[in-house]
Amino acid sequence: MNRFAVFFCVVAVVGGAVTLAALNLNTALGSPWHVPPYVVSLVGKYLCYAILALAVDLVWGFGGILSLGHAAFFALGGYAMGMYLMRQIAGRGVYGNPVLPDFMVFLNWKELPWYWHGFDNPIFAGLMVVAVPGLLALVFGWLAFRSRVSGVYLSIITQALTYALLLAFFRNDMGFGGNNGLTDFKDILSYPLQADATRAGLLVVTASVLAFSLMLAYAIVASRFGKVLIAVRDAESRTRFLGYRPENYKLFVWVVSAIMAGIGGALYVPQVGIINPSEFSPANSIEAVIWVAVGGRGTLVGAVLGAVLVSGGKTWLTGALPEIWLFALGALFILVTLFLPAGIIGAFRRAPAPLPAPEPAE
Amino acid sequence: MTFFRCLLVLLVMFVAPPAPAQDDPFAGLASGNFDDVSAAIAALALSGNPQAAATIGALQTDALFAGPEAAVYIRTDDGWVDARTGQKAEGVNEDDLNPVRVNNAVRRAIDAALGSLNLFSSSATVRAKAAEDVFRSRDPAALPALARAIAKENDAGVRSVMVQARAAARLADPASSDTDKLEDIAVIRARGDIEALGLLSSLHDQPAEVATAAAAAIASIKRSEQLWSVAQSVFYGLSLGSVLLLAAAGLAITFGVMGVINMAHGEMVMLGAYTTFVVQETIGAHAPALSGWSLPIAVPLAFLVSGAVGIAIERGLIRFLYGRPLETLLATWGLSLVLQQAVRSLFGASNREVSTPAWMSGAAQWGGLTITWNRLTIIIFAVMVVAALMAALRYTALGLRMRAVTQNRRMAAAMGIRTPWIDALTFGLGSGVAGMAGVALSQIDNVSPNLGQGYIIDSFMVVVFGGVGNLWGTVVSAFTLGIVNKFLEPVAGAVLGKILVLVLLILFIQRRPRGLFPLKGRAVEA
Amino acid sequence: MASVRTWLRGACLGAAAVALMLGVVPAVTPSAHAQGGPPIKIGILHSLSGTMAISETTLKDVMLMLIDQQNKKGGLLGRKLEAVVVDPASNWPLFAEKARQLITVDKVAVVFGCWTSVSRKSVLPVFEELNSLLFYPVQYEGEESSKNVIYTGAAPNQQAIPAVDYLAANEKVQRWVLAGTDYVYPRTTNKILEAYLKSKGVKDEDILINYTPFGHSDWQNIVAQIKKFGSAGKKTAVVSTINGDANVPFYKELANQGIKATDIPVVAFSVGEEELAGIDTKPLLGHLAAWNYFESVNNPANKQFIADWHAFTKNPKRTTNDPMEAHYIGFNLWVKAVQKAGTTDPAKVIDALIGVVVPNLTGGFAALMPNHHITKPVLIGEVKGDGQFNVVWQTPGTVVANEWSPYLEGSKDLIADWRSPMSCGNYNVVLGKCGGASK
């Protein structure tokens with residue numbers, strides 16, 4: 001882990017985002033320098049994924065917790081934001097109901113469920129973006145780490161968690177729009193979402209949040225706390241015998257990571273224009289883990305790079321090779337694991353990254 | 001002008017007398033009007049015409065055609081037969097013929113008619129089925145036939161169905177006497193199943209005495225239904241559990257014993273299902289006589305196909321990743337994408353049809369319990385597969401080596417066991433078992449490229465709940481999850497029930513972080 | 001040395017970023033220009049992988065066939081047509097991304113695509129923002145009318161209500177099970193049907209509503225529950241809005257528990273020839289489906305269509321189905337509107353589309369109404385042993401879509417009319433103004 005790499009990455013992300021935004025807003029449509037809004041929202045989306053990847057790398061790369069359910073926190077943050085955006089539509093929905101979102105009107109709901117109250121206030125909604133994933137992570141982590149659930153058991157129950165949430169959010173009776181989710185957003189903080197300037201602004205905000213998260217994550221892992229965390233990852237029992245409480249270290253980084261993922265999700269929703277239960281699907285969480293593995297586990301910068309490259313590859317392949325892109329993507333994952341075991345960033349290192357002690361098969 | 005013509009046609013339809021079905025029921029069959037066809041069937045059945053059974057039977061198998069001038073023909077393997085005479089018809093121009101179409105009303109008429117016609121068949125099963133058809137159709141017109149059939153019947157089982165059918169028909173006949181009806185209600189009450197309940201509930205405008213008896217019978221049937229429903233839920237749970245067990249058994253080997261997080265496990269199941277499809281198609285094309293056997297033939301082949309693919313995966317991919325279990329997750333996830341897309345490219349994206357052999361179709365009624373044959377077969381199959389797997393691990397030389405390698409690899413190697421090959425074979429065994437699961441799943445689920453995806457999460461849950469590395473744990477866990485799920489479902493609904501099971505599972509793991517049956521020893525602290 | 005390595009790493013990141021920026025703008029492939037100018041691009045936005053590939057792949061193929069046929073007829077406005085196929089992979093945000101790519105990067109004139117409601121909802125803001133044109137070919141829950149979408153599938157009154165009427169009249173059904181997958185189409189359809197049945201005097205206790213999750217595969221309890229509900233002495237039917245994937249296990253369970261169509265008929269709105277292809281239909285004889293098209297419809301246009309389809313796919317067994325007919329109608333509507341407008345500019349084509357009439361495949365005509373929905377006949381088919389449907393009933397003429405259901409409280413006062421001067425998708429006739437505007 002290198003301070004300069006993080007620094008470069010922060011500069012590249014923020015600088016790149018600002019440049020894109022400026023080129024999008026300040027150049028004429030026909031100019032060769034013009035960046036179409038399509039690219040702006042696309043890059044914004046990748047950067048949100050990068051935030052999620054960073055969150056996964058923090059717990060997996062440094063805490064040794066392989067979460068197969070991190071997309072749940074991402075989606076919960078997204079839903080909190082989505083509820084705010086829904087309330088912003090107010091009377092402009094297709095039924096013109098001043099309070100109820102459209103999906104409630106056509107399912108004959110008479111009043112707003114209690115948990116929807118307060119979301120018309122951006123500050124409250126912002127609080128929820130942080131609080132909901134954070135609290136869930138706190139409760140889940142407290143239970144799991146205290147009981148010393150670890151390894152694959154932990155991975156599988158994180159998967160069970162996101163799967164349960166997936167099923168729950170699919171239920172129309174939950175009041176979150178069921179399979180259709182939340183959509184048809186109009187504006188955010190009274191800026192119209194369809195405007196180029198709002199999109200460019202969101203991109204810059206996302207890039208800044210990513211940069212801040214990267215610095216925060218770096219600060220955590222480079223600190224004394226981070227050293228203990230790595231010790232927990234590499235030899236939990238030994239660390240415990242040395243007098244540390246591994247569960248507290250894990251819990252802290254787990255909650256920070258969940259909040260980070262939640263904020264990523266909150267930024268994702270206004271840029272893609274929809275939040276739906278499929279964001280909870282276990283496949284999404286696995287994909288996040290794959291971004292980290294491709295970029296390089298335990299490198300932070302690698303997580304960002306992996307998320308952007310794999311998502312970018314997906315965008316390109318689904319357009320260029322619509323019939324066979326899954327072959328290409330699948331082959332990419334296989335080849336990366338076989339030939340770049342430490343990921344792309346790891347391949348640039350002189351010595352292989354210190355991975356946790358191999359778990360013997362016996 | 002057109003309007004008037006239309007009106008005229010309508011008028012003619014209403015005013016004109018119905019087709020002379022009484023004189024010539026065959027003309028009614030050719031009328032092209034569903035109501036006339038139904039009437040003609042009933043008339044034909046009562047007419048005593050020797051051609052009646054053959055004609056109505058042909059209608060049931062879509063082999064009856066109407067030609068010009070109310071001609072009616074039966075299509076047989078060796079040409080056209082005139083339905084009226086039963087003689088071979090010459091010079092029939094197929095272009096002039098239209099199939100006599102049926103809808104549900106006509107189908108009901110056919111069932112009722114064949115019911116009374118087949119009451120005198122020489123085969124006891126046909127007679128029993130005919131009686132059951134009459135029971136369902138409740139057609140009073142069948143009463144005389146029933147009376148004759150009951151008098152002639154020697155088989156006690158068939159006879160009791162006929163008595164039930166007579167009861168049903170008499171209850172539907174306003175002309176029946178009250179004493180008969182009371183006797184009938186007792187018969188139906190003794191039958192005691194869901195059809196009996198439906199029949200009794202449908203009785204309206206009965207004399208007070210009959211109505212009271214019917215109400216008492218309904219209450220009694222409902223009470224016993226409630227008791228039976230517990231047993232029924234247990235059966236449903238066992239059935240769901242056996243499906244989970246089949247899906248997870250292979251994973252219990254590859255993941256549980258070898259520690260490989262194999263995300264492509266679901267695709268091994270899918271390959272097994274597609275193998276079944278290919279086997280069935282091949283047999284259908286080349287050896288139709290064997291088609292009832294396609295499933296038993298598919299089982300070993302699916303084992304071999306998935307097992308071979310499993311060995312190839314282990315040799316080509318996983319062996320480079322031992323000691324890095326989480327990276328196998330990544331690689332096998334990639335592999336699952338490739339396999340899904342490969343099957344999609346090869347077989348197309350849509351579902352493939354795997355038919356259910358006759359011996360697995362339908363259900364048996366045992367008291368108030370409905371046991372569907374396919375589910376029962378799958379339960380038995382699952383138990384057999386797991387028993388065979390355990391026996392293989394325990395009693396064969398290969399099993400001994402597998403256990404040796406997983407328990408202490410270095411020691412095993414020192415004893416001269418070729419550990420790489422044992423790894424490959426173990427992985428192949430787990431994959432092969434998944435393939436056999438695919439054969440069973442092809443009977444109850446979609447055979448599509450997404451088949452495996454639906455089971456992968458559940459399989460991991462089952463293995464983890466049972467305790468990684470413990471086959472017994474997997475068995476107990478699968479059946480427990482199945483039964484808990486099926487008892488929660490009626491109370492909480494299908495979705496909430498599943499969510500509750502997941503939450504319970506998460507909480508359970510907090511209490512017992514290593515599943516129901518944790519492995520003991522040093523390996524645990526890995 | 002360390003700093004060089006760091007620099008290299010930074011440079012690599014930069015390079016990756018540049019590669020990405022270039023990568024997202026697909027290279028424009030130079031193609032042979034027809035005599036009248038560059039080819040007209042048509043976007044095809046159907047999932048070719050993931051859960052929906054099972055249904056949507058066929059629609060991609062039928063679009064390729066239609067485009068191919070039009071090119072053989074000399075193209076359109078003297079220009080060739082060119083398909084741009086992308087794979088949104090059953091991923092809803094990806095649908096929005098791909099829609100934007102098709103419109104802004106590939107500059108397509110029109111998009112044919114989407115299957116699920118959520119995918120349509122996901123792309124809707126994109127089409128409205130960029131004022132482009134989408135043809136949506138699947139039956140859906142209604143309650144929507146966008147200026148930029150042409151709905152060629154059925155609204156609930158073009159499928160569900162006639163089916164219920166048929167069962168009540170011909171099968172004398174008095175008790176109803178409304179079984180569906182828990183998502184918006186079944187929810188809305190069942191709300192509408194419930195209100196409709198109650199308006200016809202059906203009592204609360206004679207309606208059973210049941211929802212199951214996507215891909216539900218263990219139907220034992222529910223089928224038993226249906227059987228029990230059907231034993232109350234009144235003729236019972238099941239109205240199924242169960243979604244594609246869950247249907248095969250559902251029908252297999254029905255067959256095994258011995259529920260015959262002559263006892264408890266099941267009428268389905270999402271089961272067509274394509275879905276039946278995965279099931280042995282012999283035990284399902286007589287169960288019903290309501291659609292606006294069946295492959296078995298006997299008329300020359302349909303025969304030609306099927307023959308073309310078999311030739312194009314080189315597979316004499318490929319089935320056709322209702323959404324394919326919807327694309328057939330949609331494509332022909334678009335072609336005619338483009339000829340009428342003399343341009344492919346979506347804004348002008350949208351105006352030209354209203355009132356265009358083209359033949360459908362069931363022997364009638366489909367007209368695009370001002371509410372951006374088309375007129376459709378409703379056909380009731382019974383399952384045959386060969387995986388086809390036998391049409392047992394059909395509406396005498398075509399039915400105009402109620403995009404806003406009169407049976408729902410929120411939408412009973414709304415209409416859509418995209419002709420100027422109204423040009424509104426949710427006009428409230430009571431308040432006399434656009435925008436839904438509840439009191």
# chains A, B, ... in the order shown; residues from 1 in each chain; ligands from 1
call {"tool": "interface_residues", "arguments": {"of": "chain C", "to": "chain B", "cutoff": "8 Å", "atoms": "only C-alpha atoms", "output": "JSON, numbers by chain"}}
result
{"C": [49, 50, 51, 53, 54, 55, 57, 171, 211, 212, 213, 215, 217, 218, 220, 221, 227, 228, 230, 231, 232, 233, 234, 245, 248, 249, 252, 253, 255, 256, 257, 258, 261, 262, 274, 275, 277, 278, 279, 280, 286, 382, 390, 392]}
call {"tool": "residues_around", "arguments": {"residues": "segment 112-118 of chain B", "least_positions_apart": "2", "cutoff": "6 Å", "atoms": "only C-alpha atoms", "output": "JSON, numbers by chain"}}
result
{"B": [45, 109, 110, 120, 121, 127, 130, 133, 134, 137, 142]}
call {"tool": "residues_around", "arguments": {"residues": "Trp114 of chain A", "least_positions_apart": "5", "cutoff": "12 Å", "atoms": "only C-alpha atoms", "output": "NGL selection string"}}
result
:A and (119 or 174-175)
call {"tool": "write_last_selection", "arguments": {"atoms": "N, CA, C and O atoms", "output": "PDB file, in the first residue's frame"}}
result
ATOM      1  N   PHE A 119     -39.000  11.724   4.729  1.00  0.00           N
ATOM      2  CA  PHE A 119     -38.091  11.623   3.586  1.00  0.00           C
ATOM      3  C   PHE A 119     -38.225  12.784   2.599  1.00  0.00           C
ATOM      4  O   PHE A 119     -37.469  12.876   1.650  1.00  0.00           O
ATOM      5  N   MET A 174     -44.634  -4.334   1.111  1.00  0.00           N
ATOM      6  CA  MET A 174     -43.645  -3.607   1.897  1.00  0.00           C
ATOM      7  C   MET A 174     -43.751  -2.094   1.690  1.00  0.00           C
ATOM      8  O   MET A 174     -43.234  -1.324   2.484  1.00  0.00           O
ATOM      9  N   GLY A 175     -44.350  -1.687   0.586  1.00  0.00           N
ATOM     10  CA  GLY A 175     -44.469  -0.251   0.349  1.00  0.00           C
ATOM     11  C   GLY A 175     -43.228   0.381  -0.247  1.00  0.00           C
ATOM     12  O   GLY A 175     -42.980   1.569  -0.065  1.00  0.00           O
TER      13      GLY A 175
END
call {"tool": "select_by_dssp", "arguments": {"residues": "segment 192-230 of chain C", "states": "helix (DSSP H, G or I)", "output": "number ranges by chain"}}
result
C: 192-199, 204-206, 220-229
call {"tool": "interface_residues", "arguments": {"of": "chain A", "to": "chain C", "cutoff": "6 Å", "atoms": "only C-alpha atoms", "output": "count of residues only"}}
result
15
call {"tool": "residues_around", "arguments": {"residues": "Phe333 of chain A", "least_positions_apart": "2", "cutoff": "8 Å", "atoms": "only C-alpha atoms", "output": "list in words"}}
result
Ile290, Val294, Leu329, Gly330, Ala331, Leu335, Val336 and Thr337 of chain A; Leu330, Ala331, Trp333 and Gly334 of chain B
call {"tool": "residues_around", "arguments": {"residues": "Val468 of chain B", "least_positions_apart": "3", "cutoff": "9 Å", "atoms": "only C-alpha atoms", "output": "MDAnalysis selection string"}}
result
(chainID A and resid 153) or (chainID B and resid 252 255:257 259 463:465 471 473:474 514:515 517:519)
call {"tool": "interface_residues", "arguments": {"of": "chain B", "to": "chain A", "cutoff": "8 Å", "atoms": "only C-alpha atoms", "output": "PDB file with C-alpha atoms, in the first residue's frame"}}
result
ATOM      1  CA  MET B 258     -12.786 -30.151  -0.380  1.00  0.00           C
ATOM      2  CA  GLY B 259     -13.387 -26.564   0.665  1.00  0.00           C
ATOM      3  CA  LEU B 317      -8.666 -24.569 -13.164  1.00  0.00           C
ATOM      4  CA  PHE B 320      -4.069 -24.058  -9.494  1.00  0.00           C
ATOM      5  CA  LEU B 321      -6.099 -22.374  -6.809  1.00  0.00           C
ATOM      6  CA  TYR B 322      -5.864 -24.717  -3.812  1.00  0.00           C
ATOM      7  CA  GLY B 323      -5.082 -22.823  -0.660  1.00  0.00           C
ATOM      8  CA  ARG B 324      -6.809 -19.797  -2.080  1.00  0.00           C
ATOM      9  CA  PRO B 325     -10.455 -20.746  -1.563  1.00  0.00           C
ATOM     10  CA  GLU B 327     -10.164 -17.062  -5.548  1.00  0.00           C
ATOM     11  CA  THR B 328     -11.896 -20.226  -6.602  1.00  0.00           C
ATOM     12  CA  LEU B 330     -14.052 -15.758  -8.584  1.00  0.00           C
ATOM     13  CA  ALA B 331     -12.891 -18.287 -11.139  1.00  0.00           C
ATOM     14  CA  THR B 332     -15.890 -20.584 -10.769  1.00  0.00           C
ATOM     15  CA  TRP B 333     -18.235 -17.596 -10.993  1.00  0.00           C
ATOM     16  CA  GLY B 334     -16.618 -16.768 -14.309  1.00  0.00           C
ATOM     17  CA  LEU B 335     -16.969 -20.384 -15.293  1.00  0.00           C
ATOM     18  CA  SER B 336     -20.663 -20.414 -14.420  1.00  0.00           C
ATOM     19  CA  LEU B 337     -21.212 -17.435 -16.742  1.00  0.00           C
ATOM     20  CA  VAL B 338     -19.393 -19.253 -19.524  1.00  0.00           C
ATOM     21  CA  GLN B 341     -23.905 -18.876 -22.120  1.00  0.00           C
ATOM     22  CA  ALA B 342     -22.564 -22.019 -23.748  1.00  0.00           C
ATOM     23  CA  VAL B 405      -6.609 -36.952   1.524  1.00  0.00           C
ATOM     24  CA  THR B 406      -9.125 -34.581   3.047  1.00  0.00           C
ATOM     25  CA  GLN B 407      -8.150 -35.507   6.586  1.00  0.00           C
ATOM     26  CA  ASN B 408      -4.402 -35.347   6.166  1.00  0.00           C
ATOM     27  CA  ARG B 409      -3.101 -34.611   2.752  1.00  0.00           C
ATOM     28  CA  ILE B 457     -27.873 -19.999  -2.836  1.00  0.00           C
ATOM     29  CA  PHE B 460     -24.872 -23.195   0.131  1.00  0.00           C
ATOM     30  CA  MET B 461     -27.339 -22.456   2.928  1.00  0.00           C
ATOM     31  CA  VAL B 464     -23.553 -24.363   5.937  1.00  0.00           C
ATOM     32  CA  VAL B 495     -42.488 -15.018   0.375  1.00  0.00           C
ATOM     33  CA  LEU B 496     -42.552 -14.164   4.069  1.00  0.00           C
ATOM     34  CA  LYS B 498     -38.866 -17.914   2.919  1.00  0.00           C
ATOM     35  CA  ILE B 499     -37.653 -14.668   4.461  1.00  0.00           C
ATOM     36  CA  LEU B 502     -33.427 -17.055   6.086  1.00  0.00           C
ATOM     37  CA  VAL B 503     -33.615 -14.882   9.197  1.00  0.00           C
ATOM     38  CA  LEU B 505     -30.848 -19.361   9.624  1.00  0.00           C
ATOM     39  CA  ILE B 506     -28.825 -16.210  10.229  1.00  0.00           C
ATOM     40  CA  ILE B 509     -25.519 -19.437  12.844  1.00  0.00           C
ATOM     41  CA  GLN B 510     -24.958 -16.887  15.626  1.00  0.00           C
ATOM     42  CA  ARG B 511     -25.809 -19.565  18.164  1.00  0.00           C
ATOM     43  CA  PRO B 513     -21.287 -20.664  14.241  1.00  0.00           C
ATOM     44  CA  ARG B 514     -20.339 -23.947  12.617  1.00  0.00           C
ATOM     45  CA  ALA B 523      -8.980 -28.462  11.125  1.00  0.00           C
ATOM     46  CA  ALA B 526      -8.071 -23.090   9.825  1.00  0.00           C
TER      47      ALA B 526
END
call {"tool": "atom_distance", "arguments": {"atom1": "atom CA of Val138 of chain C", "atom2": "atom CA of Phe112 of chain C"}}
result
11.1 Å
call {"tool": "residues_around", "arguments": {"residues": "Ile185 of chain B", "least_positions_apart": "5", "cutoff": "10 Å", "atoms": "only C-alpha atoms", "output": "VMD selection string"}}
result
chain B and resid 164 167 to 168 171 179 to 180 190 to 191 196 199 to 200 210 to 211 213 to 218
call {"tool": "write_last_selection", "arguments": {"atoms": "C-alpha atoms", "output": "mmCIF file, in the first residue's frame"}}
result
data_model
loop_
_atom_site.group_PDB
_atom_site.id
_atom_site.type_symbol
_atom_site.label_atom_id
_atom_site.label_comp_id
_atom_site.auth_asym_id
_atom_site.auth_seq_id
_atom_site.Cartn_x
_atom_site.Cartn_y
_atom_site.Cartn_z
ATOM 1 C CA GLN B 164 -69.852 -43.665 -5.291
ATOM 2 C CA ALA B 167 -74.397 -41.740 -5.318
ATOM 3 C CA ALA B 168 -73.053 -38.657 -7.063
ATOM 4 C CA LEU B 171 -77.712 -36.701 -5.638
ATOM 5 C CA THR B 179 -83.927 -42.333 1.429
ATOM 6 C CA ASP B 180 -81.673 -42.907 -1.562
ATOM 7 C CA ALA B 190 -67.131 -42.457 3.570
ATOM 8 C CA ARG B 191 -65.148 -41.467 0.498
ATOM 9 C CA ALA B 196 -66.444 -35.584 -1.916
ATOM 10 C CA LEU B 199 -69.812 -32.606 -4.226
ATOM 11 C CA LEU B 200 -71.495 -32.255 -0.856
ATOM 12 C CA VAL B 210 -80.833 -34.472 3.448
ATOM 13 C CA ALA B 211 -79.380 -31.011 3.996
ATOM 14 C CA ALA B 213 -76.959 -35.067 6.723
ATOM 15 C CA ALA B 214 -74.903 -33.278 4.092
ATOM 16 C CA ALA B 215 -73.863 -30.566 6.537
ATOM 17 C CA ALA B 216 -72.815 -33.198 9.079
ATOM 18 C CA ALA B 217 -70.839 -35.024 6.406
ATOM 19 C CA ILE B 218 -69.137 -31.805 5.325
#
